[in-house]
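Text of the file protein.csv, holding CSV, C-alpha atoms:
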```
chain,number,residue,atom,x,y,z
X,1,GLU,CA,111.1,99.7,100.8
X,2,THR,CA,110.7,96.1,101.9
X,3,GLY,CA,113.1,94.4,99.5
X,4,VAL,CA,110.2,92.3,98.1
X,5,THR,CA,109.9,92.8,94.4
X,6,GLN,CA,107.1,91.7,92.0
X,7,SER,CA,107.0,91.5,88.2
X,8,PRO,CA,105.4,92.6,86.1
X,9,THR,CA,103.9,95.8,87.5
X,10,HIS,CA,100.9,95.8,85.2
X,11,LEU,CA,99.5,93.2,82.9
X,12,ILE,CA,96.5,93.0,80.5
X,13,LYS,CA,95.2,89.6,79.4
X,14,THR,CA,92.0,88.3,77.8
X,15,ARG,CA,89.6,85.7,79.1
X,16,GLY,CA,90.9,82.1,78.8
X,17,GLN,CA,94.6,83.1,78.7
X,18,GLN,CA,97.1,82.0,81.3
X,19,VAL,CA,99.3,84.3,83.4
X,20,THR,CA,102.5,84.0,85.5
X,21,LEU,CA,103.3,86.5,88.2
X,22,ARG,CA,106.6,86.6,90.0
X,23,CYS,CA,107.8,87.5,93.4
X,24,SER,CA,111.3,87.8,94.9
X,25,SER,CA,111.3,87.5,98.7
X,26,GLN,CA,113.3,89.6,101.1
X,27,SER,CA,116.8,88.3,101.8
X,28,GLY,CA,116.7,85.7,104.6
X,29,HIS,CA,113.0,85.0,104.3
X,30,ASN,CA,111.8,81.4,103.4
X,31,THR,CA,108.1,82.0,103.3
X,32,VAL,CA,106.0,83.7,100.6
X,33,SER,CA,102.3,84.3,100.7
X,34,TRP,CA,100.1,85.4,97.8
X,35,TYR,CA,97.0,87.6,98.1
X,36,GLN,CA,94.4,88.8,95.7
X,37,GLN,CA,92.9,92.3,96.3
X,38,ALA,CA,89.8,93.3,94.3
X,39,LEU,CA,89.1,97.0,94.0
X,40,GLY,CA,87.8,98.4,97.3
X,41,GLN,CA,88.3,95.2,99.2
X,42,GLY,CA,90.8,93.8,101.6
X,43,PRO,CA,93.3,91.2,100.4
X,44,GLN,CA,92.2,87.6,100.2
X,45,PHE,CA,94.7,84.8,100.9
X,46,ILE,CA,95.5,82.6,98.0
X,47,PHE,CA,98.2,80.3,99.3
X,48,GLN,CA,101.5,80.3,101.1
X,49,TYR,CA,104.8,78.6,100.3
X,50,TYR,CA,107.3,77.6,103.0
X,51,ARG,CA,110.6,76.1,101.9
X,52,GLU,CA,109.3,75.1,98.5
X,53,GLU,CA,106.2,73.4,99.8
X,54,GLU,CA,102.6,74.7,99.9
X,55,ASN,CA,101.8,75.6,103.5
X,56,GLY,CA,98.1,76.6,103.4
X,57,ARG,CA,95.6,77.5,100.8
X,58,GLY,CA,92.7,79.9,100.7
X,59,ASN,CA,89.3,79.5,99.0
X,60,PHE,CA,90.6,79.7,95.4
X,61,PRO,CA,90.1,77.1,92.6
X,62,PRO,CA,92.8,74.8,91.4
X,63,ARG,CA,93.5,77.0,88.3
X,64,PHE,CA,95.4,79.2,90.8
X,65,SER,CA,98.7,77.4,91.3
X,66,GLY,CA,102.1,78.3,92.7
X,67,LEU,CA,105.7,77.4,93.0
X,68,GLN,CA,108.6,78.3,95.2
X,69,PHE,CA,112.1,78.0,94.1
X,70,PRO,CA,115.3,77.0,96.1
X,71,ASN,CA,116.2,80.8,96.4
X,72,TYR,CA,112.6,81.2,97.9
X,73,SER,CA,111.4,83.4,95.1
X,74,SER,CA,107.9,82.4,94.0
X,75,GLU,CA,105.5,82.3,91.1
X,76,LEU,CA,101.7,82.5,90.9
X,77,ASN,CA,100.1,80.9,87.9
X,78,VAL,CA,96.5,81.5,86.9
X,79,ASN,CA,95.0,79.4,84.1
X,80,ALA,CA,91.8,80.0,82.1
X,81,LEU,CA,91.6,83.6,83.2
X,82,GLU,CA,88.1,85.0,84.0
X,83,LEU,CA,87.0,88.6,84.2
X,84,ASP,CA,86.7,88.4,88.0
X,85,ASP,CA,90.4,87.6,88.2
X,86,SER,CA,91.1,91.3,87.5
X,87,ALA,CA,92.7,92.5,90.7
X,88,LEU,CA,95.9,93.5,92.4
X,89,TYR,CA,98.0,90.5,93.3
X,90,LEU,CA,100.3,90.9,96.3
X,91,CYS,CA,103.0,88.7,97.6
X,92,ALA,CA,104.5,89.0,101.1
X,93,SER,CA,107.5,87.3,102.5
X,94,SER,CA,108.3,86.5,106.1
X,95,SER,CA,110.8,84.4,108.0
X,96,GLY,CA,108.2,81.9,108.9
X,97,GLY,CA,104.5,81.6,109.5
X,98,PHE,CA,101.7,84.1,109.8
X,99,THR,CA,102.7,85.3,113.3
X,100,ASP,CA,105.8,86.9,111.8
X,101,THR,CA,105.7,90.3,110.3
X,102,GLN,CA,104.9,90.1,106.6
X,103,TYR,CA,106.8,92.3,104.1
X,104,PHE,CA,104.7,93.1,101.1
X,105,GLY,CA,105.8,93.7,97.5
X,106,PRO,CA,104.3,96.5,95.4
X,107,GLY,CA,101.9,94.2,93.7
X,108,THR,CA,101.0,93.3,90.1
X,109,ARG,CA,97.8,94.9,88.7
X,110,LEU,CA,96.1,92.3,86.4
X,111,THR,CA,93.3,93.3,84.1
X,112,VAL,CA,91.4,90.6,82.3
X,113,LEU,CA,89.4,91.8,79.3
G,1,LYS,CA,79.3,88.5,109.0
G,2,ASN,CA,83.0,89.0,108.3
G,3,GLU,CA,85.5,87.6,110.7
G,4,VAL,CA,87.2,91.0,110.8
G,5,GLU,CA,85.3,94.2,110.9
G,6,GLN,CA,86.7,97.7,110.7
G,7,SER,CA,85.2,101.1,111.6
G,8,PRO,CA,84.6,103.7,110.5
G,9,GLN,CA,84.6,102.9,106.7
G,10,ASN,CA,85.9,106.2,105.7
G,11,LEU,CA,87.5,108.9,107.8
G,12,THR,CA,88.4,112.5,107.2
G,13,ALA,CA,90.4,114.5,109.7
G,14,GLN,CA,92.1,117.9,109.9
G,15,GLU,CA,95.9,118.0,110.2
G,16,GLY,CA,96.9,117.8,113.8
G,17,GLU,CA,93.9,115.8,115.0
G,18,PHE,CA,94.1,112.6,117.1
G,19,ILE,CA,92.7,109.7,115.0
G,20,THR,CA,91.4,106.3,116.2
G,21,ILE,CA,90.6,103.4,113.8
G,22,ASN,CA,88.9,100.4,115.2
G,23,CYS,CA,89.0,96.7,114.4
G,24,SER,CA,86.8,93.9,115.8
G,25,TYR,CA,87.2,90.2,115.2
G,26,SER,CA,85.0,87.3,115.9
G,27,VAL,CA,87.5,84.4,116.2
G,28,GLY,CA,90.3,83.4,118.5
G,29,ILE,CA,93.6,84.7,117.1
G,30,SER,CA,97.3,84.3,117.6
G,31,ALA,CA,98.2,87.7,116.2
G,32,LEU,CA,96.7,90.9,114.8
G,33,HIS,CA,98.4,93.0,112.2
G,34,TRP,CA,97.9,96.6,111.3
G,35,LEU,CA,98.9,97.5,107.7
G,36,GLN,CA,99.0,100.7,105.7
G,37,GLN,CA,98.3,100.8,102.0
G,38,HIS,CA,99.0,103.9,99.9
G,39,PRO,CA,97.4,104.6,96.4
G,40,GLY,CA,99.1,102.4,93.9
G,41,GLY,CA,98.9,99.3,96.1
G,42,GLY,CA,102.1,99.1,98.2
G,43,ILE,CA,101.3,97.6,101.7
G,44,VAL,CA,103.5,98.3,104.7
G,45,SER,CA,103.2,96.4,107.9
G,46,LEU,CA,102.8,98.8,110.8
G,47,PHE,CA,102.3,96.5,113.8
G,48,MET,CA,101.9,92.9,114.8
G,49,LEU,CA,100.6,92.4,118.2
G,50,SER,CA,99.1,89.6,120.3
G,51,SER,CA,98.6,91.5,123.6
G,52,GLY,CA,98.9,94.9,125.1
G,53,LYS,CA,100.1,97.9,123.3
G,54,LYS,CA,102.9,98.9,120.8
G,55,LYS,CA,104.1,102.4,119.9
G,56,HIS,CA,106.1,103.5,116.9
G,57,GLY,CA,106.6,107.2,116.4
G,58,ARG,CA,103.1,108.8,116.2
G,59,LEU,CA,101.4,105.5,115.9
G,60,ILE,CA,100.0,103.5,118.8
G,61,ALA,CA,98.3,100.1,118.5
G,62,THR,CA,96.4,98.4,121.3
G,63,ILE,CA,94.6,95.1,121.6
G,64,ASN,CA,92.1,93.7,124.0
G,65,ILE,CA,92.0,90.0,123.6
G,66,GLN,CA,89.0,89.5,125.9
G,67,GLU,CA,86.9,91.9,123.9
G,68,LYS,CA,88.3,90.9,120.6
G,69,HIS,CA,89.1,94.5,119.7
G,70,SER,CA,92.0,96.5,118.5
G,71,SER,CA,92.6,100.2,117.9
G,72,LEU,CA,95.1,102.1,115.9
G,73,HIS,CA,95.8,105.6,117.1
G,74,ILE,CA,97.5,108.4,115.1
G,75,THR,CA,98.7,111.4,117.1
G,76,ALA,CA,99.3,114.8,115.5
G,77,SER,CA,98.0,113.5,112.2
G,78,HIS,CA,99.5,114.8,109.0
G,79,PRO,CA,98.4,114.7,105.3
G,80,ARG,CA,101.0,112.1,104.6
G,81,ASP,CA,99.1,109.8,106.9
G,82,SER,CA,96.4,109.6,104.3
G,83,ALA,CA,96.1,106.0,103.2
G,84,VAL,CA,94.0,102.9,103.7
G,85,TYR,CA,94.5,101.2,107.0
G,86,ILE,CA,93.9,97.5,107.1
G,87,CYS,CA,93.5,95.2,110.1
G,88,ALA,CA,94.3,91.4,109.6
G,89,VAL,CA,94.3,88.5,112.0
G,90,SER,CA,96.0,85.1,112.1
G,91,ARG,CA,94.7,82.1,114.0
G,92,GLY,CA,97.9,80.1,114.3
G,93,ALA,CA,101.4,79.9,113.1
G,94,ASN,CA,100.3,78.1,110.0
G,95,SER,CA,97.0,79.9,109.6
G,96,LYS,CA,96.2,82.3,106.8
G,97,LEU,CA,95.7,86.0,107.4
G,98,THR,CA,92.1,87.2,107.3
G,99,PHE,CA,91.8,90.8,106.4
G,100,GLY,CA,89.3,93.5,107.1
G,101,LYS,CA,88.2,95.7,104.2
G,102,GLY,CA,90.3,98.6,105.3
G,103,ILE,CA,89.5,102.2,106.2
G,104,THR,CA,90.3,105.1,103.9
G,105,LEU,CA,91.8,107.9,105.9
G,106,SER,CA,92.1,111.4,104.5
G,107,VAL,CA,93.9,114.1,106.5
G,108,ARG,CA,93.4,117.6,105.2
G,109,PRO,CA,96.0,120.3,105.6
```

Show me this structure written as structure tokens.
Amino acid sequence: ETGVTQSPTHLIKTRGQQVTLRCSSQSGHNTVSWYQQALGQGPQFIFQYYREEENGRGNFPPRFSGLQFPNYSSELNVNALELDDSALYLCASSSGGFTDTQYFGPGTRLTVL
Amino acid sequence: KNEVEQSPQNLTAQEGEFITINCSYSVGISALHWLQQHPGGGIVSLFMLSSGKKKHGRLIATINIQEKHSSLHITASHPRDSAVYICAVSRGANSKLTFGKGITLSVRP
């Protein structure tokens, strides 16, 4: 196990609702990255947080937002959910940057009906 | 064309076989990652490399920067190696990871 935890494990929402996903990083890690993985696809980078600041963002609309707390845990918020938001959401923590090994959590499976 | 391409798409092997999974990329990179994903979603980082070769147990990863190509080798394969193997690249310390689609490996007993 990596020490990275995510909650909840599974979630079902309806279109238009809002959702908050949570990630606790591994001890000693100050960087959290969020990814969306659609069925049968590789993960897509959403954004990264480093020491509570956004440190890079992928090609996702503004309704995807995030937050990192002083203990380096993080939240991913998605507003106005769409059917295509159904996916596995993964977070990964590292001790800094993308050239460090990333430790992934087990993911949150979001289904939007 | 995707920045990261993996081949083959799916792979079936018999227990004990030597397996090679390939990854090609089309951009300059600072690091390449090999990741393993089991059913249910959990991803484990296997290797991160920027040159040469790394070995861990029965797994070997190599990278050729000039040819923009990396391979993951599994020696003496076992059914527990059955998983999706994903290649990802980063283009700088503050650059996002770009992932391939992954290869589904099934090792039959």

Chain G proximity check over X:Cys23, X:Leu11, X:Cys91, X:Val78, using all atoms listed in the file: winner is X:Cys91

Between CA of Gly28 in chain G and CA of Arg91 in chain G, measure the distance and give it in Å to one decimal. 6.4 Å

Residues of chain G were defined as contacting chain X if any atom lay at most 10 Å from it, counting all atoms listed in the file; please report them as a ChimeraX atom specification. /G:29-33,35,37,40-50,84-104

Can you work out the spacing between CA of Asp81 in chain G and CA of Lys54 in chain G in Å, to one decimal? 18.1 Å

Looking at G:Arg80, G:Lys68, G:Lys53, G:His73, which one is nearest to Ser106 in chain G, with distances taken over all atoms listed in the file? G:Arg80

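Put simply, CA of Leu105 in chain G is 7.7 Å away from CA of Ala13 in chain G.
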
Residues within 10 Å of range 14-20 of chain G, only C-alpha atoms, excluding chain neighbours under 6 positions, as a PyMOL selection string: chain G and resi 7-8+58-61+71-81+105-109

Distance query Ile12 in chain X at most 10 Å, only C-alpha atoms, self and fewer than 5 positions along chain excluded, as an MDAnalysis selection string: chainID X and resid 19 86 109:113

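Residues lying within 7 Å of Glu5 in chain G, counting only C-alpha atoms and ignoring same-chain neighbours fewer than 2 positions away, are Asn2, Glu3, Ser7, Cys23, Ser24, Tyr25 and Gly100 of chain G.
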
Which one is closest to Ser94 in chain X: X:Gln26, X:Gln17, X:Asn79, X:Gln6? Count all atoms listed in the file. X:Gln26

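Among the candidates X:Ser93, X:Val32, X:Thr5, X:Asp85, the residue lying nearest to Gly66 in chain X is X:Val32 (atoms considered: all atoms listed in the file).
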
Take the structure in the block and write a file for range 64-87 of chain G, N, CA, C and O atoms, as an mmCIF file, in the first residue's frame.
```cif
data_model
loop_
_atom_site.group_PDB
_atom_site.id
_atom_site.type_symbol
_atom_site.label_atom_id
_atom_site.label_comp_id
_atom_site.auth_asym_id
_atom_site.auth_seq_id
_atom_site.Cartn_x
_atom_site.Cartn_y
_atom_site.Cartn_z
ATOM 1 N N ASN G 64 15.564 4.357 -24.411
ATOM 2 C CA ASN G 64 16.493 4.864 -25.417
ATOM 3 C C ASN G 64 16.032 6.272 -25.756
ATOM 4 O O ASN G 64 15.044 6.453 -26.473
ATOM 5 N N ILE G 65 16.720 7.259 -25.228
ATOM 6 C CA ILE G 65 16.290 8.653 -25.378
ATOM 7 C C ILE G 65 16.352 9.086 -26.846
ATOM 8 O O ILE G 65 15.459 9.791 -27.326
ATOM 9 N N GLN G 66 17.383 8.654 -27.553
ATOM 10 C CA GLN G 66 17.535 9.069 -28.962
ATOM 11 C C GLN G 66 16.383 8.556 -29.811
ATOM 12 O O GLN G 66 15.873 9.256 -30.674
ATOM 13 N N GLU G 67 15.968 7.310 -29.542
ATOM 14 C CA GLU G 67 14.891 6.717 -30.327
ATOM 15 C C GLU G 67 13.510 7.004 -29.721
ATOM 16 O O GLU G 67 12.498 6.573 -30.275
ATOM 17 N N LYS G 68 13.461 7.650 -28.580
ATOM 18 C CA LYS G 68 12.194 7.972 -27.908
ATOM 19 C C LYS G 68 11.382 6.684 -27.698
ATOM 20 O O LYS G 68 10.193 6.585 -28.076
ATOM 21 N N HIS G 69 12.005 5.735 -27.069
ATOM 22 C CA HIS G 69 11.381 4.425 -26.905
ATOM 23 C C HIS G 69 11.797 3.815 -25.569
ATOM 24 O O HIS G 69 12.933 3.962 -25.131
ATOM 25 N N SER G 70 10.840 3.142 -24.941
ATOM 26 C CA SER G 70 11.119 2.435 -23.698
ATOM 27 C C SER G 70 10.461 1.066 -23.744
ATOM 28 O O SER G 70 9.432 0.877 -24.412
ATOM 29 N N SER G 71 11.053 0.116 -23.054
ATOM 30 C CA SER G 71 10.472 -1.220 -22.957
ATOM 31 C C SER G 71 10.420 -1.650 -21.501
ATOM 32 O O SER G 71 11.304 -1.307 -20.700
ATOM 33 N N LEU G 72 9.374 -2.392 -21.196
ATOM 34 C CA LEU G 72 9.246 -3.027 -19.889
ATOM 35 C C LEU G 72 9.279 -4.540 -20.136
ATOM 36 O O LEU G 72 8.496 -5.063 -20.940
ATOM 37 N N HIS G 73 10.215 -5.203 -19.491
ATOM 38 C CA HIS G 73 10.352 -6.641 -19.651
ATOM 39 C C HIS G 73 9.949 -7.334 -18.357
ATOM 40 O O HIS G 73 10.290 -6.858 -17.258
ATOM 41 N N ILE G 74 9.254 -8.446 -18.503
ATOM 42 C CA ILE G 74 8.903 -9.282 -17.351
ATOM 43 C C ILE G 74 9.498 -10.665 -17.600
ATOM 44 O O ILE G 74 9.169 -11.321 -18.602
ATOM 45 N N THR G 75 10.378 -11.082 -16.724
ATOM 46 C CA THR G 75 10.967 -12.411 -16.866
ATOM 47 C C THR G 75 10.177 -13.410 -16.019
ATOM 48 O O THR G 75 9.581 -13.045 -15.008
ATOM 49 N N ALA G 76 10.151 -14.663 -16.474
ATOM 50 C CA ALA G 76 9.458 -15.734 -15.748
ATOM 51 C C ALA G 76 8.067 -15.279 -15.307
ATOM 52 O O ALA G 76 7.742 -15.268 -14.111
ATOM 53 N N SER G 77 7.246 -14.894 -16.271
ATOM 54 C CA SER G 77 5.931 -14.306 -15.967
ATOM 55 C C SER G 77 5.060 -15.255 -15.154
ATOM 56 O O SER G 77 5.183 -16.492 -15.224
ATOM 57 N N HIS G 78 4.176 -14.650 -14.382
ATOM 58 C CA HIS G 78 3.305 -15.375 -13.466
ATOM 59 C C HIS G 78 1.898 -14.807 -13.595
ATOM 60 O O HIS G 78 1.747 -13.616 -13.902
ATOM 61 N N PRO G 79 0.873 -15.632 -13.347
ATOM 62 C CA PRO G 79 -0.502 -15.096 -13.430
ATOM 63 C C PRO G 79 -0.733 -13.836 -12.596
ATOM 64 O O PRO G 79 -1.533 -12.987 -12.965
ATOM 65 N N ARG G 80 -0.024 -13.665 -11.496
ATOM 66 C CA ARG G 80 -0.226 -12.454 -10.685
ATOM 67 C C ARG G 80 0.323 -11.198 -11.374
ATOM 68 O O ARG G 80 0.086 -10.082 -10.921
ATOM 69 N N ASP G 81 1.064 -11.388 -12.488
ATOM 70 C CA ASP G 81 1.521 -10.229 -13.270
ATOM 71 C C ASP G 81 0.399 -9.679 -14.150
ATOM 72 O O ASP G 81 0.560 -8.623 -14.778
ATOM 73 N N SER G 82 -0.709 -10.386 -14.220
ATOM 74 C CA SER G 82 -1.845 -9.936 -15.040
ATOM 75 C C SER G 82 -2.351 -8.598 -14.514
ATOM 76 O O SER G 82 -2.735 -8.478 -13.351
ATOM 77 N N ALA G 83 -2.325 -7.612 -15.384
ATOM 78 C CA ALA G 83 -2.697 -6.245 -14.991
ATOM 79 C C ALA G 83 -2.629 -5.370 -16.233
ATOM 80 O O ALA G 83 -2.280 -5.834 -17.320
ATOM 81 N N VAL G 84 -2.956 -4.106 -16.060
ATOM 82 C CA VAL G 84 -2.751 -3.118 -17.120
ATOM 83 C C VAL G 84 -1.429 -2.403 -16.834
ATOM 84 O O VAL G 84 -1.189 -1.967 -15.702
ATOM 85 N N TYR G 85 -0.586 -2.318 -17.843
ATOM 86 C CA TYR G 85 0.707 -1.656 -17.702
ATOM 87 C C TYR G 85 0.662 -0.349 -18.494
ATOM 88 O O TYR G 85 0.381 -0.338 -19.689
ATOM 89 N N ILE G 86 0.943 0.740 -17.788
ATOM 90 C CA ILE G 86 0.792 2.079 -18.368
ATOM 91 C C ILE G 86 2.140 2.781 -18.392
ATOM 92 O O ILE G 86 2.893 2.733 -17.419
ATOM 93 N N CYS G 87 2.411 3.416 -19.504
ATOM 94 C CA CYS G 87 3.615 4.228 -19.665
ATOM 95 C C CYS G 87 3.191 5.695 -19.603
ATOM 96 O O CYS G 87 2.158 6.072 -20.169
#
```
